[in-house]
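Visitor: Here it is, the structure, as C-alpha cells.
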Amino acid sequence: MKEKIKKWFKAAGIRAIKTIAQTAIATIGTSAVINEVNWKIVLSASLLAGILSLLTSIAGLPELEEK
C-alpha cells in the first residue's frame, strides 16, 4: 500500500507542477499583452491551479491504472 501511495503522490505532483507551469506561462503571456505582469496574480493563479490539479487527481490518474 505504501508503494501505491508513493506512486500516486509522484504522479499527482508531476501533474500539479506541469499545471502550475502552464498556468504561469498563460498568465504571464496574457499580462505581457497589456504591458504589465502582476506577479501576485501569476503566483496566486498558478498555486490555485496546482491545488485544483491535486484535488482532481484524487478521482484517479490514468497513468497509475493497472493493465
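Each chain in the C-alpha cells gets a letter, A, B, ..., in the order shown, and its residues are numbered from 1; ligands are numbered from 1 in order too.
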Give the helix (DSSP H, G or I) residues of chain A, as assigned by DSSP on the backbone, as an MDAnalysis selection string.
Guide: chainID A and resid 2:33 39:57 62:64
Visitor: Using only C-alpha atoms, which protein or nucleic acid residues come within 12 Å of Phe9 in chain A? Drop anything in the same chain fewer than 4 positions from it, and give the result as a short mmCIF file (atom, residue, chain, number, x, y, z; two decimals) with N, CA and C atoms, in the first residue's frame.
Guide:
```
data_model
loop_
_atom_site.label_atom_id
_atom_site.label_comp_id
_atom_site.auth_asym_id
_atom_site.auth_seq_id
_atom_site.Cartn_x
_atom_site.Cartn_y
_atom_site.Cartn_z
N LYS A 2 1.97 1.24 0.77
CA LYS A 2 2.84 2.41 0.81
C LYS A 2 3.39 2.75 -0.57
N GLU A 3 3.76 1.73 -1.31
CA GLU A 3 4.32 1.93 -2.65
C GLU A 3 3.28 2.58 -3.57
N LYS A 4 2.03 2.16 -3.45
CA LYS A 4 0.95 2.72 -4.26
C LYS A 4 0.76 4.20 -3.94
N ILE A 5 0.82 4.55 -2.65
CA ILE A 5 0.66 5.95 -2.24
C ILE A 5 1.82 6.79 -2.75
N GLY A 13 1.95 14.90 -8.18
CA GLY A 13 2.87 16.04 -8.06
C GLY A 13 3.40 16.50 -9.39
N ILE A 14 3.74 15.55 -10.24
CA ILE A 14 4.23 15.90 -11.59
C ILE A 14 3.13 16.63 -12.37
N ARG A 15 1.90 16.11 -12.28
CA ARG A 15 0.78 16.78 -12.97
C ARG A 15 0.57 18.19 -12.42
N ALA A 16 0.63 18.33 -11.10
CA ALA A 16 0.41 19.64 -10.49
C ALA A 16 1.50 20.62 -10.92
N ILE A 17 2.75 20.18 -10.95
CA ILE A 17 3.85 21.06 -11.36
C ILE A 17 3.67 21.50 -12.82
N SER A 53 -5.40 20.80 -9.45
CA SER A 53 -4.86 19.63 -10.12
C SER A 53 -4.73 18.46 -9.14
N LEU A 54 -4.21 18.73 -7.95
CA LEU A 54 -4.09 17.67 -6.94
C LEU A 54 -5.46 17.13 -6.55
N LEU A 55 -6.42 18.03 -6.36
CA LEU A 55 -7.77 17.59 -5.99
C LEU A 55 -8.41 16.76 -7.11
N SER A 57 -6.79 14.94 -9.18
CA SER A 57 -6.07 13.67 -9.22
C SER A 57 -6.63 12.65 -8.24
N ILE A 58 -7.34 13.12 -7.22
CA ILE A 58 -7.95 12.20 -6.26
C ILE A 58 -8.94 11.28 -6.97
N GLY A 60 -8.59 9.96 -9.73
CA GLY A 60 -7.85 8.90 -10.41
C GLY A 60 -6.86 9.46 -11.41
N LEU A 61 -5.80 8.70 -11.58
CA LEU A 61 -4.76 9.07 -12.53
C LEU A 61 -4.61 7.94 -13.55
N LEU A 64 -1.62 5.56 -13.57
CA LEU A 64 -1.47 4.59 -12.49
C LEU A 64 -2.41 3.40 -12.62
#
```
Visitor: Show me, as a VMD selection string, the residues that have an atom within 12 Å of Trp39 in chain A when counting only C-alpha atoms, minus same-chain residues fewer than 2 positions from it.
Guide: chain A and resid 24 to 25 27 to 29 31 to 32 36 to 37 41 to 46
Visitor: In terms of the shortest atom-to-atom distance over only C-alpha atoms, which of A:Gly50, A:Lys40, A:Glu66, A:Ala59 is closest to Gln22 in chain A?
Guide: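 That would be A:Gly50, the residue with the smallest distance to Gln22 in chain A.
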Visitor: Would you mind telling me which residue in A:Pro62, A:Ala26, A:Val33, A:Ala21 lies nearest to Leu47 in chain A when using only C-alpha atoms?
Guide: A:Ala21
Visitor: Rounded to one decimal in Å, what is the spacing between CA of Ile20 in chain A and CA of Thr56 in chain A?
Guide: 13.8 Å
